[in-house]
>>> print(open('upload_26.cif').read())   # mmCIF, C-alpha atoms
data_target
#
loop_
_atom_site.label_atom_id
_atom_site.label_comp_id
_atom_site.auth_asym_id
_atom_site.auth_seq_id
_atom_site.Cartn_x
_atom_site.Cartn_y
_atom_site.Cartn_z
CA MET A 132 4.63 -2.06 -47.61
CA ASN A 133 7.01 0.83 -48.35
CA SER A 134 9.95 1.71 -46.10
CA PHE A 135 8.20 4.72 -44.52
CA PHE A 136 5.32 2.62 -43.22
CA LYS A 137 7.71 -0.13 -42.06
CA ILE A 138 9.68 2.41 -39.98
CA ALA A 139 6.48 3.90 -38.54
CA LEU A 140 5.14 0.44 -37.59
CA VAL A 141 8.40 -0.53 -35.88
CA ALA A 142 8.39 2.76 -33.93
CA LEU A 143 4.81 2.25 -32.77
CA LEU A 144 5.44 -1.34 -31.67
CA SER A 145 8.61 -0.32 -29.83
CA ALA A 146 6.82 2.50 -28.01
CA ALA A 147 4.00 0.16 -26.95
CA LEU A 148 6.49 -2.43 -25.69
CA LEU A 149 8.49 0.12 -23.73
CA SER A 150 5.30 1.61 -22.29
CA GLY A 151 4.19 -1.82 -21.11
CA ILE A 152 7.58 -2.61 -19.59
CA GLY A 153 7.67 0.78 -17.87
CA ARG A 154 4.21 0.30 -16.38
CA LYS A 155 5.06 -3.19 -15.09
CA ALA A 156 8.22 -1.83 -13.48
CA ALA A 157 6.27 0.98 -11.85
CA LEU A 158 3.71 -1.45 -10.45
CA ARG A 159 6.51 -3.60 -9.03
CA ASP A 160 7.93 -0.54 -7.32
CA TYR A 161 4.56 0.28 -5.74
CA ALA A 162 4.03 -3.34 -4.62
CA GLU A 163 7.04 -3.36 -2.30
CA VAL A 164 6.95 -0.58 0.27
CA TYR A 165 9.49 -0.39 3.10
CA SER A 166 10.03 1.87 6.08
CA ALA A 167 12.08 4.87 4.99
CA TYR A 168 12.42 8.58 5.71
CA GLY A 169 8.97 9.98 6.52
CA SER A 170 7.38 6.65 7.53
CA ARG A 171 5.47 6.20 10.77
CA GLY A 172 4.12 3.26 12.74
CA ARG A 173 4.88 0.27 14.90
CA GLU A 174 7.48 -1.08 12.50
CA VAL A 175 9.44 2.16 12.80
CA GLU A 176 9.18 1.95 16.60
CA ALA A 177 10.57 -1.59 16.46
CA ILE A 178 13.43 -0.49 14.21
CA GLN A 179 14.30 2.38 16.53
CA GLN A 180 14.14 0.25 19.67
CA THR A 181 16.26 -2.53 18.15
CA LEU A 182 18.89 -0.10 16.88
CA LYS A 183 18.85 1.64 20.27
CA ASP A 184 19.52 -1.74 21.92
CA TYR A 185 22.47 -2.17 19.55
CA GLY A 186 23.73 1.24 20.67
CA ILE A 187 23.63 2.86 17.23
CA PHE A 188 20.39 4.86 17.49
CA TYR A 189 20.65 7.82 19.86
CA GLY A 190 17.22 9.42 19.60
CA GLU A 191 13.87 8.77 21.26
CA VAL A 192 11.61 5.92 20.16
CA THR A 193 8.83 7.94 18.52
CA GLY A 194 7.65 5.79 15.61
CA TYR A 195 8.71 8.50 13.14
CA TYR A 196 11.47 7.65 10.62
CA GLY A 197 13.52 10.85 10.60
CA THR A 198 17.15 11.69 9.85
CA GLN A 199 18.44 10.07 13.06
CA THR A 200 16.68 6.80 12.28
CA GLU A 201 17.89 6.86 8.70
CA ALA A 202 21.48 7.45 9.84
CA ALA A 203 21.24 4.58 12.34
CA VAL A 204 19.89 2.23 9.66
CA ARG A 205 22.80 3.22 7.41
CA ARG A 206 25.27 2.43 10.20
CA PHE A 207 23.63 -0.97 10.76
CA GLN A 208 23.63 -1.79 7.05
CA GLN A 209 27.30 -0.86 6.73
CA TYR A 210 28.21 -2.95 9.78
CA ARG A 211 26.30 -6.00 8.47
CA GLY A 212 27.60 -5.72 4.90
CA LEU A 213 24.29 -4.70 3.32
CA PRO A 214 23.78 -2.06 0.62
CA VAL A 215 23.86 1.25 2.53
CA THR A 216 20.56 2.85 1.51
CA GLY A 217 19.05 4.08 4.78
CA ILE A 218 15.86 2.18 3.85
CA ALA A 219 14.70 -0.64 6.11
CA ASP A 220 14.19 -3.15 3.30
CA ALA A 221 13.46 -6.87 3.63
CA ALA A 222 17.12 -7.85 4.12
CA THR A 223 17.64 -5.20 6.80
CA LEU A 224 14.47 -6.15 8.68
CA LYS A 225 15.47 -9.82 8.55
CA LEU A 226 18.84 -9.11 10.19
CA LEU A 227 17.07 -6.89 12.75
CA ASN A 228 14.67 -9.79 13.38
CA ILE A 229 11.64 -7.54 12.82
CA SER A 230 8.41 -8.74 11.23
CA ILE A 231 5.33 -6.50 11.63
CA GLY A 232 2.18 -5.97 9.62
CA GLY A 233 1.75 -9.45 8.15
CA PHE A 234 -1.03 -10.30 5.72
CA PRO A 235 -4.32 -10.88 7.59
CA GLU A 236 -5.67 -14.43 7.71
CA PRO A 237 -8.95 -15.13 5.83
CA THR A 238 -10.91 -15.84 9.01
CA GLU A 239 -14.68 -15.40 9.04
CA ALA A 240 -14.26 -12.33 11.27
CA ASN A 241 -11.77 -10.74 8.87
CA ILE A 242 -13.90 -11.57 5.83
CA HIS A 243 -16.95 -9.98 7.45
CA LEU A 244 -15.06 -6.84 8.57
CA LEU A 245 -13.41 -6.34 5.19
CA ALA A 246 -16.71 -6.99 3.38
CA ARG A 247 -18.39 -4.27 5.46
CA ILE A 248 -15.90 -1.60 4.41
CA ILE A 249 -15.93 -2.80 0.78
CA SER A 250 -19.73 -2.74 0.67
CA SER A 251 -19.90 0.75 2.17
CA GLU A 252 -17.00 2.34 0.24
CA ALA A 253 -17.53 0.60 -3.13
CA ARG A 254 -21.31 0.32 -3.29
CA GLY A 255 -22.37 0.37 -6.95
CA GLU A 256 -18.84 -0.23 -8.22
CA PRO A 257 -17.98 -3.14 -10.58
CA TYR A 258 -16.75 -6.33 -8.94
CA LEU A 259 -13.11 -5.61 -9.80
CA GLY A 260 -13.49 -2.19 -8.19
CA GLN A 261 -14.80 -3.80 -5.00
CA VAL A 262 -11.81 -6.15 -4.86
CA ALA A 263 -9.56 -3.14 -5.48
CA VAL A 264 -10.94 -1.31 -2.42
CA GLY A 265 -10.27 -4.43 -0.34
CA ALA A 266 -6.75 -4.61 -1.77
CA VAL A 267 -6.04 -1.04 -0.67
CA ILE A 268 -6.96 -2.05 2.88
CA MET A 269 -4.61 -5.06 2.65
CA ASN A 270 -1.80 -2.88 1.30
CA ARG A 271 -2.22 -0.43 4.18
CA VAL A 272 -1.93 -3.22 6.76
CA GLN A 273 1.51 -4.02 5.35
CA HIS A 274 2.55 -0.40 4.80
CA PRO A 275 4.77 1.20 7.51
CA SER A 276 2.75 4.43 7.51
CA PHE A 277 -0.54 2.79 8.55
CA PRO A 278 -1.77 0.60 11.42
CA ASP A 279 -0.65 -3.03 11.37
CA THR A 280 -4.01 -4.75 11.70
CA LEU A 281 -7.14 -4.99 9.58
CA SER A 282 -9.32 -3.37 12.23
CA GLY A 283 -6.67 -0.72 12.90
CA VAL A 284 -6.65 0.35 9.25
CA ILE A 285 -10.43 0.32 8.85
CA TYR A 286 -11.16 2.23 12.06
CA GLN A 287 -8.24 4.67 11.73
CA LYS A 288 -9.58 8.11 12.56
CA GLY A 289 -10.40 10.28 9.59
CA GLU A 290 -9.62 7.71 6.90
CA PHE A 291 -12.92 6.21 5.74
CA THR A 292 -16.03 8.39 5.82
CA ALA A 293 -18.27 5.31 5.54
CA VAL A 294 -17.27 4.26 9.07
CA TRP A 295 -18.85 7.34 10.65
CA ASN A 296 -21.57 8.39 8.18
CA GLY A 297 -23.74 5.29 8.66
CA GLN A 298 -22.82 3.45 5.45
CA PHE A 299 -20.66 1.00 7.40
CA ASP A 300 -23.69 -0.30 9.29
CA ARG A 301 -25.88 -0.96 6.24
CA PRO A 302 -26.50 -4.56 5.05
CA VAL A 303 -23.47 -6.06 3.32
CA SER A 304 -23.83 -7.15 -0.31
CA GLN A 305 -22.94 -10.71 -1.29
CA THR A 306 -20.49 -9.45 -3.90
CA ALA A 307 -18.64 -7.59 -1.14
CA TYR A 308 -18.12 -10.89 0.70
CA ALA A 309 -16.72 -12.47 -2.46
CA ALA A 310 -14.50 -9.43 -3.05
CA ALA A 311 -13.24 -9.60 0.55
CA ARG A 312 -12.25 -13.24 0.08
CA ASP A 313 -10.38 -12.40 -3.12
CA ALA A 314 -8.56 -9.48 -1.48
CA LEU A 315 -7.62 -11.62 1.54
CA ALA A 316 -6.32 -14.25 -0.90
CA GLY A 317 -3.88 -11.64 -2.25
CA PHE A 318 -5.66 -10.50 -5.43
CA ASP A 319 -4.65 -6.87 -6.00
CA PRO A 320 -5.91 -5.26 -9.23
CA THR A 321 -4.54 -1.87 -8.10
CA GLY A 322 -0.84 -2.66 -8.43
CA GLY A 323 -0.08 -1.81 -4.80
CA ALA A 324 -2.26 1.28 -4.20
CA ILE A 325 -2.65 2.65 -0.67
CA TYR A 326 -5.19 5.37 -1.48
CA PHE A 327 -8.39 5.54 -3.52
CA TYR A 328 -10.96 8.24 -4.15
CA ASN A 329 -13.87 9.23 -6.35
CA PRO A 330 -12.96 12.59 -7.96
CA LYS A 331 -16.67 13.44 -8.21
CA LYS A 332 -17.13 13.17 -4.45
CA THR A 333 -14.04 14.72 -2.88
CA ASN A 334 -11.99 17.89 -3.26
CA ASN A 335 -9.31 16.76 -0.81
CA THR A 336 -6.08 18.26 -2.13
CA PHE A 337 -3.82 15.63 -0.57
CA VAL A 338 -5.50 12.63 -2.15
CA HIS A 339 -5.79 14.45 -5.49
CA SER A 340 -2.00 14.97 -5.37
CA ARG A 341 -1.20 11.26 -5.10
CA PRO A 342 0.27 9.50 -8.18
CA ILE A 343 -2.49 7.54 -9.93
CA ILE A 344 -1.70 3.88 -10.61
CA THR A 345 -4.99 2.85 -12.19
CA VAL A 346 -8.67 3.76 -12.52
CA ILE A 347 -11.41 1.19 -11.91
CA GLY A 348 -15.03 2.26 -12.14
CA GLU A 349 -15.44 5.67 -10.49
CA HIS A 350 -12.38 5.29 -8.25
CA ARG A 351 -8.82 6.39 -8.81
CA PHE A 352 -6.25 4.16 -7.07
CA CYS A 353 -3.05 5.87 -6.00
CA ALA A 354 0.38 5.33 -4.48
#
>>> encode(input="upload_26.cif", output="structure tokens")
Amino acid sequence: MNSFFKIALVALLSAALLSGIGRKAALRDYAEVYSAYGSRGREVEAIQQTLKDYGIFYGEVTGYYGTQTEAAVRRFQQYRGLPVTGIADAATLKLLNISIGGFPEPTEANIHLLARIISSEARGEPYLGQVAVGAVIMNRVQHPSFPDTLSGVIYQKGEFTAVWNGQFDRPVSQTAYAAARDALAGFDPTGGAIYFYNPKKTNNTFVHSRPIITVIGEHRFCA
């Protein structure tokens, strides 16, 4: 092998390795999502109320993580010797004694509910794509911008068309039950996605603007 081809081969292998490392890092970043500027939900309400009780948050408890909340979190982090980021990360929430939006238990009721939305939203998709839809639901339960319960996420107004167009009430496929169990066990082939869509079926500009993490079947899974 001459020197030119040796150099080219090394360059190609290096690029592939760096690409793989970069993708893994990106997926790690998507997997851990904390309350920060722009977030909404019960976790934000709890942060605001706790900081208000400490006397370092001066605004109203609205559930919206704005500049006042961010400034209060920074003050708390500085006082407790944490990295001052303004983001309510795991260490900050632990010191605030806040734990909201835990992973749903694999009860029969939860399996059935999750299987219904998987069957209606991912009908005709490959098995991995069905698990991926279930994983998006799980990720939303733990995300500060969405409701904190399985039912809250699934029935959130305007989120899943299958809930109101009749698909949700159709018979549930057996593969959807298996996919629901896998998703409830923590299997996430999306790398932390909180949105999914079929580009052939929607022109929604917001969802089309989301960063794509992966594509499975006909669905794009996004951050």
>>> resolve_selection(input="upload_26.cif", expression="the PyMOL selection byres ((chain A and resi 192-203) around 10)", output="compact mmCIF listing (two decimals) with C-alpha atoms, in the coordinates of the input")
# COMPACT_ATOMS: atom_id res chain seq x y z
CA SER A 166 10.03 1.87 6.08
CA ALA A 167 12.08 4.87 4.99
CA TYR A 168 12.42 8.58 5.71
CA GLY A 169 8.97 9.98 6.52
CA SER A 170 7.38 6.65 7.53
CA ARG A 171 5.47 6.20 10.77
CA GLY A 172 4.12 3.26 12.74
CA ARG A 173 4.88 0.27 14.90
CA GLU A 174 7.48 -1.08 12.50
CA VAL A 175 9.44 2.16 12.80
CA GLU A 176 9.18 1.95 16.60
CA ALA A 177 10.57 -1.59 16.46
CA ILE A 178 13.43 -0.49 14.21
CA GLN A 179 14.30 2.38 16.53
CA GLN A 180 14.14 0.25 19.67
CA THR A 181 16.26 -2.53 18.15
CA LEU A 182 18.89 -0.10 16.88
CA LYS A 183 18.85 1.64 20.27
CA TYR A 185 22.47 -2.17 19.55
CA GLY A 186 23.73 1.24 20.67
CA ILE A 187 23.63 2.86 17.23
CA PHE A 188 20.39 4.86 17.49
CA TYR A 189 20.65 7.82 19.86
CA GLY A 190 17.22 9.42 19.60
CA GLU A 191 13.87 8.77 21.26
CA VAL A 204 19.89 2.23 9.66
CA ARG A 205 22.80 3.22 7.41
CA ARG A 206 25.27 2.43 10.20
CA PHE A 207 23.63 -0.97 10.76
CA GLN A 208 23.63 -1.79 7.05
CA GLN A 209 27.30 -0.86 6.73
CA VAL A 215 23.86 1.25 2.53
CA THR A 216 20.56 2.85 1.51
CA GLY A 217 19.05 4.08 4.78
CA ILE A 218 15.86 2.18 3.85
CA ALA A 219 14.70 -0.64 6.11
CA PRO A 275 4.77 1.20 7.51
CA SER A 276 2.75 4.43 7.51
>>> residues_near_point(input="upload_26.cif", point="(-6.4, -1.4, -0.9)", cutoff="9 Å", atoms="all atoms listed in the file", output="PyMOL selection string")
chain A and resi 262-271+314+319+321+323-327+352
>>> write_last_selection(input="upload_26.cif", atoms="C-alpha atoms", output="CSV table (one decimal), in the frame of the given file")
chain,number,residue,atom,x,y,z
A,262,VAL,CA,-11.8,-6.2,-4.9
A,263,ALA,CA,-9.6,-3.1,-5.5
A,264,VAL,CA,-10.9,-1.3,-2.4
A,265,GLY,CA,-10.3,-4.4,-0.3
A,266,ALA,CA,-6.8,-4.6,-1.8
A,267,VAL,CA,-6.0,-1.0,-0.7
A,268,ILE,CA,-7.0,-2.0,2.9
A,269,MET,CA,-4.6,-5.1,2.6
A,270,ASN,CA,-1.8,-2.9,1.3
A,271,ARG,CA,-2.2,-0.4,4.2
A,314,ALA,CA,-8.6,-9.5,-1.5
A,319,ASP,CA,-4.6,-6.9,-6.0
A,321,THR,CA,-4.5,-1.9,-8.1
A,323,GLY,CA,-0.1,-1.8,-4.8
A,324,ALA,CA,-2.3,1.3,-4.2
A,325,ILE,CA,-2.6,2.6,-0.7
A,326,TYR,CA,-5.2,5.4,-1.5
A,327,PHE,CA,-8.4,5.5,-3.5
A,352,PHE,CA,-6.2,4.2,-7.1
>>> closest_residue(input="upload_26.cif", among="A:Ala310, A:Val338, A:Ile248, A:Leu259", to="Val294 in chain A", atoms="only C-alpha atoms")
A:Ile248
>>> closest_residue(input="upload_26.cif", among="A:Gln273, A:Asn335, A:Thr280, A:Gln298", to="Arg254 in chain A", atoms="only C-alpha atoms")
A:Gln298
>>> atom_distance(input="upload_26.cif", atom1="CA of Pro342 in chain A", atom2="CA of Ser250 in chain A")
25.1 Å
>>> atom_distance(input="upload_26.cif", atom1="CA of Ala311 in chain A", atom2="CA of Ile242 in chain A")
5.7 Å
>>> atom_distance(input="upload_26.cif", atom1="CA of Gln261 in chain A", atom2="CA of Ala309 in chain A")
9.2 Å
>>> axis_aligned_box(input="upload_26.cif", around="range 270-289 of chain A", padding_each_side="4 Å", output="JSON")
{"center_x": -3.2, "center_y": 2.6, "center_z": 7.1, "size_x": 23.9, "size_y": 23.3, "size_z": 19.6}
>>> closest_residue(input="upload_26.cif", among="A:Thr333, A:Leu213, A:Ile344, A:Pro235", to="Val284 in chain A", atoms="all atoms listed in the file")
A:Pro235
>>> residues_around(input="upload_26.cif", residues="Ile347 in chain A", least_positions_apart="3", cutoff="7 Å", atoms="all atoms listed in the file", output="PyMOL selection string")
chain A and resi 260+350-351
